[in-house]
file input28.txt (compact mmCIF, C-alpha atoms)
# COMPACT_ATOMS: atom_id res chain seq x y z
CA MET A 1 0.00 0.00 0.00
CA ILE A 2 1.33 3.46 -0.99
CA ILE A 3 0.24 6.43 1.15
CA LYS A 4 1.04 9.99 0.21
CA LEU A 5 1.23 12.56 3.08
CA ILE A 6 -0.44 15.83 2.14
CA SER A 7 0.72 18.93 4.06
CA ILE A 8 -2.05 21.28 5.17
CA ASN A 9 -1.21 24.85 5.92
CA HIS A 10 -3.00 25.26 9.23
CA PRO A 11 -1.76 26.94 12.37
CA ASP A 12 -3.44 24.54 14.71
CA LYS A 13 -0.69 22.27 16.08
CA LEU A 14 -3.27 19.88 17.47
CA LEU A 15 -4.64 19.23 14.01
CA MET A 16 -1.12 18.52 12.74
CA GLU A 17 -0.58 16.02 15.54
CA LEU A 18 -3.84 14.34 14.62
CA LEU A 19 -2.76 14.11 10.97
CA LYS A 20 0.55 12.54 11.98
CA TYR A 21 -1.28 10.06 14.17
CA LEU A 22 -3.66 9.24 11.32
CA PHE A 23 -0.73 8.70 8.96
CA LEU A 24 0.99 6.28 11.37
CA LEU A 25 -2.29 4.45 11.92
CA LEU A 26 -2.85 3.98 8.18
CA LEU A 27 0.75 2.90 7.66
CA SER A 28 0.45 0.30 10.39
CA ALA A 29 -2.79 -0.96 8.89
CA GLY A 30 -1.11 -1.28 5.50
CA LEU A 31 1.72 -3.29 6.96
CA ILE A 32 -0.73 -5.55 8.75
CA LEU A 33 -2.72 -6.09 5.56
CA GLY A 34 0.48 -6.86 3.66
CA CYS A 35 1.49 -9.51 6.18
CA SER A 36 -1.94 -11.12 6.29
CA SER A 37 -2.06 -11.47 2.51
CA GLU A 38 1.01 -13.71 2.47
CA GLU A 39 0.26 -17.41 2.09
CA LYS A 40 1.22 -19.32 5.20
CA ALA A 41 2.65 -22.82 5.09
CA PRO A 42 0.08 -25.46 6.15
CA ASP A 43 0.43 -26.59 9.73
CA GLU A 44 0.87 -30.38 9.81
CA SER A 45 0.00 -30.38 13.51
CA ALA A 46 -3.54 -29.29 12.56
CA LEU A 47 -4.29 -32.29 10.33
CA HIS A 48 -7.90 -33.48 10.52
CA PRO A 49 -8.09 -36.98 12.03
CA LEU A 50 -10.04 -39.59 10.05
CA LEU A 51 -11.71 -42.63 11.56
CA LEU A 52 -11.42 -45.91 9.63
CA THR A 53 -14.03 -48.54 10.48
CA LYS A 54 -13.52 -52.10 9.27
CA ASN A 55 -16.54 -53.20 7.24
CA LEU A 56 -15.23 -56.31 5.44
CA SER A 57 -12.77 -59.09 6.26
CA ILE A 58 -12.05 -61.93 3.81
CA PRO A 59 -9.98 -64.84 5.21
CA ILE A 60 -7.44 -66.69 3.09
CA THR A 61 -9.32 -69.98 3.53
CA THR A 62 -12.53 -70.25 1.53
CA GLU A 63 -14.81 -73.16 0.64
CA GLU A 64 -14.84 -72.17 -3.03
CA ALA A 65 -11.12 -71.99 -3.80
CA LEU A 66 -7.65 -72.91 -2.66
CA ILE A 67 -5.82 -69.62 -2.04
CA GLY A 68 -2.07 -69.60 -1.60
CA GLU A 69 -1.61 -66.07 -0.31
CA PHE A 70 -3.02 -62.60 -0.65
CA SER A 71 -0.72 -60.11 -2.34
CA GLY A 72 -1.61 -56.98 -4.33
CA LEU A 73 -5.20 -55.66 -4.50
CA ALA A 74 -7.35 -53.75 -6.94
CA THR A 75 -11.04 -52.76 -6.98
CA ASP A 76 -13.48 -52.04 -9.80
CA ASN A 77 -16.32 -49.51 -10.05
CA SER A 78 -18.79 -51.99 -8.53
CA GLY A 79 -16.72 -52.51 -5.40
CA ASN A 80 -15.51 -55.98 -6.41
CA ILE A 81 -12.09 -56.87 -5.04
CA TYR A 82 -9.27 -58.54 -6.97
CA ALA A 83 -6.39 -60.15 -5.07
CA ALA A 84 -3.15 -61.33 -6.67
CA ASP A 85 -2.10 -64.78 -5.47
CA THR A 86 1.63 -64.97 -6.21
CA GLU A 87 1.83 -68.50 -4.84
CA GLN A 88 -0.96 -69.98 -7.01
CA GLN A 89 -0.20 -67.58 -9.93
CA LYS A 90 -3.80 -66.45 -10.34
CA ILE A 91 -6.06 -63.57 -9.34
CA HIS A 92 -9.05 -64.12 -7.06
CA ARG A 93 -12.19 -62.04 -7.51
CA PHE A 94 -14.59 -61.24 -4.64
CA SER A 95 -17.85 -59.28 -4.55
CA ASP A 96 -18.21 -56.14 -2.45
CA ASP A 97 -19.67 -58.27 0.39
CA GLY A 98 -16.75 -60.74 0.32
CA THR A 99 -18.41 -63.55 -1.70
CA TYR A 100 -15.93 -65.50 -3.81
CA LEU A 101 -16.77 -65.06 -7.51
CA ASN A 102 -14.07 -66.61 -9.68
CA ALA A 103 -10.36 -66.80 -10.50
CA ILE A 104 -8.67 -65.03 -13.39
CA GLY A 105 -5.60 -66.41 -15.16
CA ARG A 106 -3.48 -69.40 -14.31
CA GLU A 107 0.13 -70.52 -14.10
CA GLY A 108 1.86 -71.02 -17.44
CA LYS A 109 3.85 -69.36 -20.20
CA GLY A 110 1.08 -68.81 -22.75
CA PRO A 111 -1.18 -65.82 -23.41
CA GLY A 112 -3.13 -64.89 -20.31
CA GLU A 113 -0.95 -67.10 -18.11
CA PHE A 114 1.47 -66.11 -15.36
CA THR A 115 4.96 -67.18 -14.43
CA ASP A 116 5.91 -63.94 -12.70
CA LEU A 117 2.74 -62.62 -11.10
CA LYS A 118 3.46 -59.61 -8.88
CA PRO A 119 1.23 -57.33 -6.80
CA ASN A 120 1.13 -54.93 -9.80
CA ILE A 121 -2.50 -55.37 -10.80
CA ARG A 122 -4.71 -52.47 -11.89
CA ILE A 123 -8.28 -52.04 -13.09
CA GLN A 124 -9.60 -49.46 -15.51
CA ALA A 125 -13.28 -49.58 -16.45
CA ASP A 126 -13.99 -53.27 -17.25
CA THR A 127 -10.38 -54.32 -17.86
CA LEU A 128 -7.86 -55.91 -15.51
CA TYR A 129 -4.20 -55.10 -16.24
CA VAL A 130 -1.58 -57.52 -14.91
CA LEU A 131 2.13 -56.66 -15.17
CA GLN A 132 4.72 -59.42 -15.44
CA GLN A 133 8.00 -57.65 -14.85
CA ARG A 134 10.60 -60.18 -15.98
CA ALA A 135 8.58 -61.16 -19.05
CA ARG A 136 8.01 -57.46 -19.88
CA ARG A 137 4.33 -58.12 -20.57
CA ILE A 138 0.96 -56.74 -19.55
CA GLU A 139 -1.90 -59.26 -19.64
CA LEU A 140 -5.41 -57.83 -20.12
CA PHE A 141 -8.60 -59.55 -18.94
CA ASN A 142 -12.30 -58.75 -18.96
CA VAL A 143 -13.26 -58.34 -15.30
CA THR A 144 -16.84 -59.57 -15.80
CA THR A 145 -16.22 -62.70 -17.85
CA ALA A 146 -12.62 -63.35 -16.68
CA GLU A 147 -11.75 -63.90 -20.36
CA PHE A 148 -8.28 -63.08 -21.64
CA ILE A 149 -8.25 -60.06 -24.00
CA ARG A 150 -4.69 -59.62 -25.25
CA THR A 151 -1.02 -59.21 -24.30
CA ILE A 152 0.87 -55.93 -24.46
CA LYS A 153 4.62 -56.41 -24.87
CA LEU A 154 6.98 -53.82 -23.39
CA PRO A 155 10.10 -53.54 -25.56
CA ASP A 156 13.56 -53.14 -24.06
CA VAL A 157 14.63 -49.82 -25.55
CA GLU A 158 17.09 -47.02 -24.86
CA VAL A 159 16.23 -43.52 -23.69
CA ASN A 160 18.74 -40.73 -24.21
CA GLY A 161 21.52 -43.24 -24.87
CA ALA A 162 20.85 -45.42 -21.79
CA LYS A 163 18.76 -48.50 -21.06
CA ILE A 164 15.18 -47.81 -20.06
CA GLY A 165 15.38 -50.60 -17.49
CA SER A 166 12.76 -53.02 -16.20
CA PRO A 167 9.05 -52.19 -15.85
CA ARG A 168 8.21 -51.66 -12.19
CA THR A 169 4.55 -50.69 -12.23
CA ILE A 170 1.78 -49.46 -14.53
CA PHE A 171 -1.14 -47.05 -14.30
CA PRO A 172 -3.87 -47.51 -16.95
CA LEU A 173 -5.67 -44.29 -17.81
CA ALA A 174 -9.32 -43.61 -18.61
CA ASN A 175 -8.43 -42.56 -22.18
CA GLY A 176 -6.97 -46.01 -22.96
CA GLN A 177 -3.33 -45.00 -22.56
CA ILE A 178 -0.96 -46.45 -19.95
CA LEU A 179 1.65 -44.79 -17.77
CA ALA A 180 4.51 -47.25 -17.26
CA VAL A 181 7.37 -46.79 -14.79
CA PHE A 182 10.73 -48.27 -15.82
CA VAL A 183 13.74 -48.53 -13.51
CA ASP A 184 17.36 -48.89 -14.59
CA ALA A 185 18.55 -50.25 -11.27
CA TYR A 186 21.97 -49.93 -9.68
CA PHE A 187 23.40 -53.30 -8.63
CA ARG A 188 26.90 -51.96 -8.12
CA ALA A 189 28.18 -48.61 -6.97
CA PRO A 190 28.00 -46.00 -9.76
CA LYS A 191 31.26 -45.40 -11.60
CA GLU A 192 32.51 -41.90 -12.34
CA ASP A 193 32.35 -42.34 -16.12
CA GLU A 194 29.08 -44.25 -16.06
CA VAL A 195 25.91 -42.84 -17.62
CA PRO A 196 23.59 -42.09 -14.67
CA HIS A 197 20.80 -44.61 -14.21
CA GLN A 198 17.27 -43.24 -14.44
CA ILE A 199 13.71 -43.92 -13.39
CA THR A 200 11.62 -43.28 -16.51
CA ILE A 201 7.88 -42.67 -16.72
CA SER A 202 6.66 -43.46 -20.24
CA LYS A 203 3.27 -43.06 -21.87
CA LEU A 204 2.01 -45.95 -24.03
CA ASP A 205 -1.02 -46.34 -26.24
CA ALA A 206 -3.47 -49.24 -25.95
CA THR A 207 -1.24 -51.47 -28.12
CA GLY A 208 1.92 -50.81 -26.11
CA ALA A 209 3.50 -48.40 -28.60
CA PHE A 210 5.31 -45.47 -27.00
CA VAL A 211 3.41 -42.18 -27.15
CA ASP A 212 6.13 -40.48 -25.08
CA LYS A 213 9.15 -42.61 -24.27
CA SER A 214 10.51 -40.27 -21.57
CA LEU A 215 7.54 -38.32 -20.24
CA LEU A 216 9.42 -37.80 -16.96
CA GLN A 217 12.83 -38.95 -15.73
CA PHE A 218 14.40 -38.97 -12.27
CA PRO A 219 17.79 -40.17 -10.98
CA ALA A 220 17.67 -43.76 -9.75
CA PRO A 221 18.81 -43.90 -6.10
CA TYR A 222 21.71 -46.07 -5.02
CA PRO A 223 20.97 -48.59 -3.68
CA THR A 224 17.90 -49.03 -5.91
CA ALA A 225 14.60 -50.37 -4.58
CA ARG A 226 16.19 -50.84 -1.12
CA ARG A 227 18.29 -53.74 -2.41
CA LEU A 228 21.84 -54.22 -1.20
CA VAL A 229 23.96 -56.41 -3.45
CA TYR A 230 27.24 -57.51 -1.88
CA PHE A 231 29.86 -59.33 -3.95
CA GLU A 232 32.40 -61.70 -2.45
CA PRO A 233 34.67 -64.22 -4.17
CA GLY A 234 32.33 -66.94 -5.43
CA LYS A 235 29.32 -65.51 -3.62
CA VAL A 236 26.68 -62.83 -4.09
CA SER A 237 24.45 -61.71 -1.19
CA ILE A 238 21.25 -59.74 -1.80
CA PHE A 239 19.49 -57.97 1.06
CA ILE A 240 16.18 -56.11 0.93
CA THR A 241 16.29 -53.54 3.69
CA SER A 242 14.07 -50.68 4.82
CA ILE A 243 16.90 -48.44 6.02
CA TYR A 244 17.45 -46.78 2.62
CA SER A 245 15.18 -44.41 0.75
CA GLU A 246 13.22 -45.41 -2.33
CA PHE A 247 11.69 -43.45 -5.20
CA TYR A 248 7.90 -43.71 -5.41
CA VAL A 249 5.46 -43.02 -8.24
CA ALA A 250 1.67 -43.17 -7.98
CA ALA A 251 -1.17 -42.08 -10.27
CA ASN A 252 -4.92 -42.44 -10.73
CA SER A 253 -6.97 -43.14 -13.85
CA LYS A 254 -7.00 -39.45 -14.77
CA GLY A 255 -3.23 -39.38 -14.80
CA GLN A 256 -2.90 -37.18 -11.72
CA LEU A 257 0.63 -38.14 -10.77
CA TYR A 258 2.68 -37.91 -7.57
CA THR A 259 6.41 -38.64 -7.29
CA GLY A 260 8.88 -38.44 -4.44
CA LYS A 261 11.98 -39.91 -2.86
CA SER A 262 11.24 -41.16 0.62
CA ASP A 263 14.22 -39.46 2.27
CA SER A 264 11.88 -36.53 2.97
CA LEU A 265 8.19 -35.73 2.83
CA HIS A 266 8.63 -33.64 -0.29
CA LEU A 267 6.48 -34.80 -3.20
CA LYS A 268 5.82 -33.35 -6.64
CA ARG A 269 2.57 -33.36 -8.57
CA TYR A 270 2.23 -33.70 -12.36
CA SER A 271 -0.49 -34.00 -14.96
CA ARG A 272 -0.69 -37.02 -17.27
CA ASP A 273 1.16 -34.93 -19.86
CA GLY A 274 4.11 -34.49 -17.51
CA LYS A 275 3.38 -30.86 -16.63
CA ARG A 276 4.36 -29.78 -13.12
CA ARG A 277 1.33 -28.97 -10.98
CA GLY A 278 2.98 -28.13 -7.69
CA GLU A 279 4.81 -29.51 -4.68
CA VAL A 280 3.54 -31.34 -1.65
CA GLY A 281 4.77 -31.44 1.92
CA ALA A 282 7.18 -29.41 3.99
CA GLY A 283 10.22 -31.58 3.25
CA SER A 284 10.43 -33.01 6.77
CA VAL A 285 12.92 -35.86 7.05
CA GLY A 286 12.67 -39.14 8.91
CA LEU A 287 14.01 -40.02 12.33
CA PRO A 288 17.81 -40.05 12.82
CA PHE A 289 19.43 -43.41 12.02
CA THR A 290 21.93 -44.42 14.70
CA ALA A 291 24.56 -47.09 15.18
CA ALA A 292 22.16 -48.80 17.58
CA ASP A 293 19.57 -48.91 14.81
CA LEU A 294 22.05 -50.60 12.49
CA ASP A 295 22.93 -53.15 15.18
CA SER A 296 19.23 -53.88 15.69
CA VAL A 297 18.54 -54.32 11.96
CA ALA A 298 21.62 -56.52 11.47
CA ARG A 299 21.06 -58.67 14.57
CA ASP A 300 19.47 -61.64 12.75
CA LEU A 301 21.25 -61.17 9.41
CA PRO A 302 24.58 -62.53 8.11
CA LYS A 303 27.71 -60.59 9.04
CA ASN A 304 28.23 -59.41 5.48
CA PHE A 305 25.08 -57.27 5.78
CA LYS A 306 27.01 -54.70 7.79
CA LYS A 307 29.82 -54.89 5.28
CA ALA A 308 27.35 -54.17 2.50
CA VAL A 309 25.97 -51.17 4.41
CA GLN A 310 29.46 -49.82 5.03
CA LYS A 311 30.29 -50.14 1.35
CA VAL A 312 27.21 -48.13 0.33
CA GLY A 313 27.28 -45.76 3.28
CA THR A 314 25.18 -45.72 6.43
CA PRO A 315 22.10 -43.49 6.07
CA SER A 316 21.82 -40.49 8.37
CA HIS A 317 18.03 -40.81 8.70
CA TRP A 318 15.30 -43.38 8.34
CA PRO A 319 13.00 -42.82 5.34
CA ALA A 320 10.23 -40.29 5.98
CA PHE A 321 7.56 -42.48 4.34
CA LYS A 322 7.32 -45.92 2.78
CA ARG A 323 4.18 -46.03 0.63
CA LEU A 324 2.44 -43.63 -1.75
CA LEU A 325 -1.12 -43.82 -3.16
CA VAL A 326 -3.29 -41.49 -5.25
CA ASP A 327 -7.06 -41.84 -5.03
CA ASP A 328 -9.68 -41.25 -7.72
CA LYS A 329 -10.11 -37.61 -6.67
CA GLY A 330 -6.43 -36.76 -7.05
CA ARG A 331 -5.68 -36.81 -3.33
CA GLY A 332 -2.27 -38.13 -2.33
CA TRP A 333 -1.67 -40.46 0.64
CA VAL A 334 1.63 -41.47 2.26
CA LYS A 335 2.36 -43.94 5.02
CA ARG A 336 4.78 -42.30 7.41
CA PHE A 337 7.78 -44.41 8.38
CA ASP A 338 8.06 -44.88 12.13
CA PRO A 339 10.22 -47.91 13.02
CA GLY A 340 9.27 -49.64 16.25
CA ASN A 341 5.79 -48.13 16.44
CA PRO A 342 3.06 -50.82 16.74
CA GLN A 343 0.77 -48.60 14.66
CA GLN A 344 1.14 -46.82 11.33
CA THR A 345 0.15 -43.26 10.51
CA TRP A 346 -1.08 -42.15 7.09
CA GLN A 347 -1.14 -38.54 5.96
CA GLY A 348 -3.42 -37.24 3.21
CA PHE A 349 -3.11 -34.26 0.85
CA ASP A 350 -5.96 -32.61 -1.02
CA SER A 351 -6.00 -32.36 -4.82
CA LYS A 352 -4.00 -29.13 -4.60
CA GLY A 353 -1.26 -30.76 -2.52
CA ASN A 354 -2.15 -29.27 0.87
CA PRO A 355 -1.79 -31.57 3.93
CA ARG A 356 -5.29 -32.13 5.30
CA TRP A 357 -5.88 -35.49 6.99
CA GLU A 358 -4.32 -38.30 8.94
CA PHE A 359 -5.44 -41.72 10.16
CA ILE A 360 -3.97 -44.62 12.12
CA LEU A 361 -4.02 -48.35 11.31
CA PRO A 362 -2.46 -51.48 12.82
CA LYS A 363 1.08 -52.02 11.61
CA GLU A 364 0.16 -55.39 10.03
CA VAL A 365 -2.13 -53.75 7.43
CA GLU A 366 -0.80 -52.88 3.98
CA LEU A 367 -3.08 -50.53 2.04
CA TYR A 368 -3.30 -50.85 -1.74
CA SER A 369 -6.23 -48.65 -2.70
CA ILE A 370 -8.21 -45.64 -1.45
CA ASN A 371 -11.37 -44.81 -3.41
CA GLU A 372 -14.12 -42.34 -2.58
CA GLU A 373 -14.56 -42.97 1.15
CA SER A 374 -13.19 -46.53 1.36
CA ALA A 375 -9.75 -48.06 1.82
CA TYR A 376 -8.64 -51.58 0.91
CA GLY A 377 -5.70 -53.54 2.25
CA ILE A 378 -4.26 -56.85 3.35
CA PHE A 379 -3.80 -57.80 6.99
CA ASN A 380 -0.47 -59.66 6.98
CA SER A 381 -0.60 -62.20 9.78
CA ASP A 382 1.00 -65.63 9.97
CA MET A 383 -2.09 -66.90 11.78
CA SER A 384 -4.91 -65.37 9.72
CA PRO A 385 -3.97 -63.23 6.70
CA ARG A 386 -7.01 -61.56 5.21
CA ILE A 387 -8.32 -58.86 2.92
CA ILE A 388 -9.74 -55.90 4.80
CA SER A 389 -11.76 -52.92 3.67
CA TYR A 390 -12.50 -49.82 5.74
CA GLU A 391 -15.11 -47.11 5.64
CA ILE A 392 -13.49 -43.68 6.03
CA ASP A 393 -15.38 -41.26 8.26
CA GLY A 394 -14.62 -37.55 8.15
CA LEU A 395 -13.16 -37.29 4.65

call {"tool": "encode", "arguments": {"input": "input28.txt", "output": "structure tokens"}}
result
Amino acid sequence: MIIKLISINHPDKLLMELLKYLFLLLLSAGLILGCSSEEKAPDESALHPLLLTKNLSIPITTEEALIGEFSGLATDNSGNIYAADTEQQKIHRFSDDGTYLNAIGREGKGPGEFTDLKPNIRIQADTLYVLQQRARRIELFNVTTAEFIRTIKLPDVEVNGAKIGSPRTIFPLANGQILAVFVDAYFRAPKEDEVPHQITISKLDATGAFVDKSLLQFPAPYPTARRLVYFEPGKVSIFITSIYSEFYVAANSKGQLYTGKSDSLHLKRYSRDGKRRGEVGAGSVGLPFTAADLDSVARDLPKNFKKAVQKVGTPSHWPAFKRLLVDDKGRGWVKRFDPGNPQQTWQGFDSKGNPRWEFILPKEVELYSINEESAYGIFNSDMSPRIISYEIDGL
């Protein structure tokens, strides 16, 4: 605010004092208005708590089918639930009330068969998309009839002079296109003259042809996917550990996309065309990682685990989060990483990236989907693993 002081030729000193007082008052008001117009950072301590009420529980033992294990989950528009069974190499389909309906796919090497079924299953409209990473294939099925539709092959290509890597996950879009995430993993320490490895998000058409080979690219972290590979003469040890950060990508059917490395709660939002839409989170880091933490993690592991950590470098902090989801309304959800806590805390961001909500679940639950006002997950228990769905109150 700009204020111009006008001098009035008047002999009354009292009036001049009043004018000076009025000027200071207006100036103060302008400063106050200027400060109040600045956008303040959201206060994470004021997050709105959500209550999740369990409304469905499906045990692994059913009269209708032999189920090996529950792995990844997906849901369709009717509320039916699809569970990947990586032991039986098939996908089990349940109604919204938990009734067993049918199985999709089977073990084998032919079209519509699985040899490398992973939790990467997605549903768009009436089609089930199943990614087989090592085979570089996406198998498509009709969700109503369970009939095989076709196979989409993912070619091994180069991007900007480097390998695109292996497909990690897929996100089918409502317009028929597919966002595919490829990872060129580090298995050894990067060399100085080596071309940096990348995480590449590509856009494919319905046949698997590249629409945009490198829609977005990000540096692949070392170690990649929390895997430590330790080489000794005549021996290779591979450890999957939670002490290192991982790069996460999540999207919904509209292509509203979130990305972020879990070393801090700092996410980025993009459109399906790769345009930056904003940033999420205050960048808070995880808890400090101490020597006692390393001793605790390594207690039941071979001695060369510590050697592998020392070769890579001991992290200074635990990851800030360890799972990322995007719901159908473009809201982002992260599971905060809190080692040793018997419960888990999830934090939600609105479609503009502002932190808004939080909820708490038992540590044994792994969420795979949040839609409308429901959440779906797997309760991982040695005694009674089961599929669980929750009704979300307060969203």

call {"tool": "closest_residue", "arguments": {"input": "input28.txt", "among": "A:Leu228, A:Lys352, A:Gly208, A:Pro362", "to": "A:Gln310", "atoms": "all atoms listed in the file"}}
result
A:Leu228

call {"tool": "atom_distance", "arguments": {"input": "input28.txt", "atom1": "atom CA of A:Glu373", "atom2": "atom CA of A:Ala83"}}
result
20.0 Å

call {"tool": "closest_residue", "arguments": {"input": "input28.txt", "among": "A:Leu154, A:Ala162, A:Ile378, A:Ala46", "to": "A:Glu194", "atoms": "only C-alpha atoms"}}
result
A:Ala162

call {"tool": "residues_around", "arguments": {"input": "input28.txt", "residues": "A:Pro167", "least_positions_apart": "3", "cutoff": "12 Å", "atoms": "all atoms listed in the file", "output": "JSON, numbers by chain"}}
result
{"A": [118, 120, 130, 131, 132, 133, 134, 135, 136, 137, 138, 153, 154, 155, 156, 157, 163, 164, 170, 171, 179, 180, 181, 182, 183, 184, 185, 199, 200, 201, 202]}

call {"tool": "atom_distance", "arguments": {"input": "input28.txt", "atom1": "atom CA of A:Lys306", "atom2": "atom CA of A:Pro319"}}
result
18.5 Å

call {"tool": "residues_around", "arguments": {"input": "input28.txt", "residues": "A:Gly340", "least_positions_apart": "2", "cutoff": "12 Å", "atoms": "all atoms listed in the file", "output": "ChimeraX atom specification"}}
result
/A:287,293,296-297,318,337-338,342-344,363

call {"tool": "atom_distance", "arguments": {"input": "input28.txt", "atom1": "atom CA of A:Asn142", "atom2": "atom CA of A:Ile104"}}
result
9.1 Å

call {"tool": "axis_aligned_box", "arguments": {"input": "input28.txt", "around": "stretch 147-159 of chain A", "padding_each_side": "4 Å", "output": "lines of an AutoDock Vina configuration file"}}
result
center_x = 2.7
center_y = -53.7
center_z = -23.0
size_x = 36.8
size_y = 28.4
size_z = 13.2

call {"tool": "residues_around", "arguments": {"input": "input28.txt", "residues": "A:Arg336", "least_positions_apart": "5", "cutoff": "8 Å", "atoms": "only C-alpha atoms", "output": "number ranges by chain"}}
result
A: 320-323, 344-347

call {"tool": "closest_residue", "arguments": {"input": "input28.txt", "among": "A:Glu364, A:Leu215, A:Ile58, A:Asp295", "to": "A:Arg276", "atoms": "only C-alpha atoms"}}
result
A:Leu215

call {"tool": "residues_around", "arguments": {"input": "input28.txt", "residues": "A:Ala225", "least_positions_apart": "2", "cutoff": "7 Å", "atoms": "only C-alpha atoms", "output": "ChimeraX atom specification"}}
result
/A:223,227,246

call {"tool": "closest_residue", "arguments": {"input": "input28.txt", "among": "A:Gly313, A:Gly79, A:Pro59, A:Gly112", "to": "A:Ser95", "atoms": "all atoms listed in the file"}}
result
A:Gly79

call {"tool": "residues_around", "arguments": {"input": "input28.txt", "residues": "A:Ile67", "least_positions_apart": "3", "cutoff": "12 Å", "atoms": "all atoms listed in the file", "output": "list in words"}}
result
Ile58, Pro59, Ile60, Thr61, Thr62, Glu63, Glu64, Phe70, Ser71, Ala83, Ala84, Asp85, Thr86, Glu87, Gln88, Gln89, Lys90, Ile91, His92, Arg93, Tyr100, Asn102, Ala103, Pro385 and Arg386 of chain A

call {"tool": "closest_residue", "arguments": {"input": "input28.txt", "among": "A:Ile360, A:Val312, A:Ile243, A:Ile81", "to": "A:Arg226", "atoms": "all atoms listed in the file"}}
result
A:Ile243

call {"tool": "closest_residue", "arguments": {"input": "input28.txt", "among": "A:Asn252, A:Thr169, A:Ser242, A:Thr53", "to": "A:Gln124", "atoms": "only C-alpha atoms"}}
result
A:Asn252

call {"tool": "build_atoms", "arguments": {"input": "input28.txt", "residues": "stretch 192-203 of chain A", "atoms": "N, CA and C atoms", "output": "compact mmCIF listing (two decimals), in the frame of the given file"}}
result
# COMPACT_ATOMS: atom_id res chain seq x y z
N GLU A 192 32.43 -43.32 -11.99
CA GLU A 192 32.51 -41.90 -12.34
C GLU A 192 32.17 -41.64 -13.80
N ASP A 193 32.59 -42.55 -14.69
CA ASP A 193 32.35 -42.34 -16.12
C ASP A 193 31.08 -43.03 -16.61
N GLU A 194 30.28 -43.51 -15.70
CA GLU A 194 29.08 -44.25 -16.06
C GLU A 194 27.92 -43.29 -16.34
N VAL A 195 27.11 -43.63 -17.35
CA VAL A 195 25.91 -42.84 -17.62
C VAL A 195 24.94 -43.02 -16.45
N PRO A 196 24.47 -41.95 -15.85
CA PRO A 196 23.59 -42.09 -14.67
C PRO A 196 22.35 -42.92 -14.98
N HIS A 197 22.00 -43.81 -14.06
CA HIS A 197 20.80 -44.61 -14.21
C HIS A 197 19.58 -43.75 -13.89
N GLN A 198 18.47 -44.07 -14.57
CA GLN A 198 17.27 -43.24 -14.44
C GLN A 198 16.03 -44.08 -14.11
N ILE A 199 15.08 -43.42 -13.49
CA ILE A 199 13.71 -43.92 -13.39
C ILE A 199 12.90 -43.16 -14.44
N THR A 200 12.29 -43.89 -15.36
CA THR A 200 11.62 -43.28 -16.51
C THR A 200 10.13 -43.56 -16.46
N ILE A 201 9.33 -42.52 -16.59
CA ILE A 201 7.88 -42.67 -16.72
C ILE A 201 7.54 -42.46 -18.19
N SER A 202 7.01 -43.51 -18.82
CA SER A 202 6.66 -43.46 -20.24
C SER A 202 5.15 -43.51 -20.39
N LYS A 203 4.68 -42.97 -21.54
CA LYS A 203 3.27 -43.06 -21.87
C LYS A 203 3.12 -43.97 -23.09
